[in-house]
Amino acid sequence: MKLDLLYEIDVPKPWAKPHPYGQREAEQRAYREAIEQIKLGDKLGFHTTWHVEHHFREGRSHSPAPEVIIGALSQCTEQIRLGFGVALMPHAFTPPMRVAEKVATADILSGGRVEWGTGRSTPMEQTAFGVDRDASRAQWEEAIQAVVGMWEDEYFEFHGKYLDFPRRMVTPKPVQDPHPPCWMAATSEGSSAVAGEKGLGLLSFSILQPIHKMAEHIRLYRAAAAAPKPITRVTTNRVAAYTLVHCEETMAKCEESGIWDSVWWWYKNIAEFTAEWELPHLSQEERDKVFPYLMQQADGNFDPKSFSDHDMIVVGDPEQCYTKMLKYAELGVDQLICYVQFGYLPHESVMKTIELLGKEVLPALAKEGVDATIKPAPAPAPAPAS
């Protein structure tokens with residue numbers, strides 16, 4: 001199992017100064033620190049760094065332009081792969097031709113190190129961009145087919161249900177042949193099976209959950225991936241799953257860095273955001289079932305350490321982190337995405353996490369198995385075109 005990094009560029013409140021200076025300074029610091037952290041991960045052998053595209057996420061995910069971050073990283077890293085985690089494919093976010101252009105440009109600048117994650121986002125972002133929510137999955141699939149055609153054909157035209165594109169030479173073409181590996185973001189059992197069926201890598205972005213639920217997502221993905229109907233010419237039968245990760249010399253040092261406050265901030269932030277923007281139609285009782293720990297914590301009956309006790313997150317000294325990570329490897333996770341920059345954790349403690357994982361945990365994990373391979377797939381049926 002490989003270790004990856006994930007960056008959403010968390011910028012938690014309270015900010016130190018009144019608007020706009022507090023926000024500006026905090027965001028600039030978070031970006032600078034993220035670049036420094038990833039440069040260290042590159043030197044220590046991390047496999048991929050993934051960068052989200054999120055919009056309007058107050059406090060969390062101040063990262064709307066992953067192509068800019070990846071472009072910068074392409075010039076200051078050498079080995080680590082650079083992942084769009086993910087490019088939002090419904091056309092109102094970014095027209096498919098722009099996705100083709102920016103991903104291929106990043107592949108050139110990085111010397112062929114791009115991983116192309118794709119997704120649809122959530123209602124809060126979709127409505128702000130005018131995305132047709134009911135058509136978002138169909139647009140996502142059609143956009144992928146169009147982008148691949150733009151990369152592979154010298155001159156390309158497309159006349160589909162959502163995209164009507166005249167004959168043009170789309171430039172530039174990517175370094176990787178036939179194109180960068182394509183992944184799909186999935187947060188449910190149903191969507192993991194869709195990724196497997198379509199020959200795409202699985203980016204499991206489910207929020208904190210018992211590890212047996214992740215096992216079920218992976219089982220459904222592998223079953224569907226056993227007989228795929230690929231929509232690109234690269235079949236990526238791999239699972240990359242993320243969780244919060246923090247490692248220091250001792251658990252006591254993790255706690256001195258404020259790990260449990262940061263873990264709780266992260267959970268509370270995503271739970272309240274989801275309840276407000278994605279689940280407004282649910283009753284309070286139904287919301288409590290989705291995010292049970294909010295009510296328990298308000299009643300004084302929940303300790304964030306429970307996330308670690310139940311292996312939902314990876315926190316501790318190198319030996320503890322290694323032991324927890326093995327459980328993910330046993331589930332069939334090929335790449336464990338380490339979300340290391342979150343909450344109120346000091347930059348120095350995040351650097352220590354990356355250092356210890358790279359020097360002590362990665363070498364041990366490397367002895368546990370053999371990499372899965374990324375293989376070319378049979379060419380899919382042609383997309384609608386004239």
# chains A, B, ... in the order shown; residues from 1 in each chain; ligands from 1

$ residues_around --residues "stretch 176-191 of chain A" --least-positions-apart "6" --cutoff "9 Å" --atoms "only C-alpha atoms" --output "JSON, numbers by chain"
{"A": [85, 86, 103, 104, 107, 108, 111, 112, 113, 114, 115, 116, 117, 118, 119, 120, 144, 148, 151, 152, 199, 200, 201, 202, 203, 204, 205, 206, 207, 213, 214, 216, 217, 218, 220, 221, 232, 233, 234, 235, 236, 238, 374, 376]}

$ residues_around --residues "stretch 259-273 of chain A" --least-positions-apart "6" --cutoff "6 Å" --atoms "only C-alpha atoms" --output "NGL selection string"
:A and (304 or 343-344)

$ select_by_dssp --residues "stretch 117-277 of chain A" --states "strand (DSSP E)" --output "number ranges by chain"
A: 117-119, 156-159, 164-168, 182-186, 201-204, 234-235, 239-247

$ closest_residue --among "A:Thr274, A:Ser257, A:Gln139, A:Gln209" --to "A:His310" --atoms "only C-alpha atoms"
A:Gln209

$ closest_residue --among "A:Ala225, A:Ala252, A:Ala241, A:Ala275" --to "A:Val333" --atoms "only C-alpha atoms"
A:Ala241

$ residues_around --residues "A:Met1" --least-positions-apart "3" --cutoff "12 Å" --atoms "only C-alpha atoms" --output "PyMOL selection string"
chain A and resi 4+46-47+238-241+322+325-337+361-372

$ residues_around --residues "A:Val147" --least-positions-apart "2" --cutoff "8 Å" --atoms "only C-alpha atoms" --output "ChimeraX atom specification"
/A:96-97,99-100,143-145,149-151

$ residues_around --residues "A:Asp288" --least-positions-apart "4" --cutoff "12 Å" --atoms "only C-alpha atoms" --output "list in words"
Ala271, Glu272, Thr274, Ala275, Leu279, Leu282, Ser283, Gln284, Pro292, Tyr293, Leu294, Met295, Gln296, Gln297 and Ala298 of chain A

$ atom_distance --atom1 "atom CA of A:Val315" --atom2 "atom CA of A:Leu357"
11.3 Å

$ closest_atom_pairs --of "stretch 109-187 of chain A" --to "stretch 56-66 of chain A" --cutoff "10 Å" --atoms "only C-alpha atoms" --output "Markdown table"
| residue | atom | partner | partner_atom | distance |
| --- | --- | --- | --- | --- |
| A:Met124 | CA | A:Phe56 | CA | 8.7 |
| A:Glu125 | CA | A:Phe56 | CA | 7.4 |
| A:Ala128 | CA | A:Phe56 | CA | 9.2 |

$ atom_distance --atom1 "atom CA of A:Tyr339" --atom2 "atom CA of A:Leu109"
25.0 Å

$ atom_distance --atom1 "atom CA of A:Tyr31" --atom2 "atom CA of A:Val245"
18.9 Å
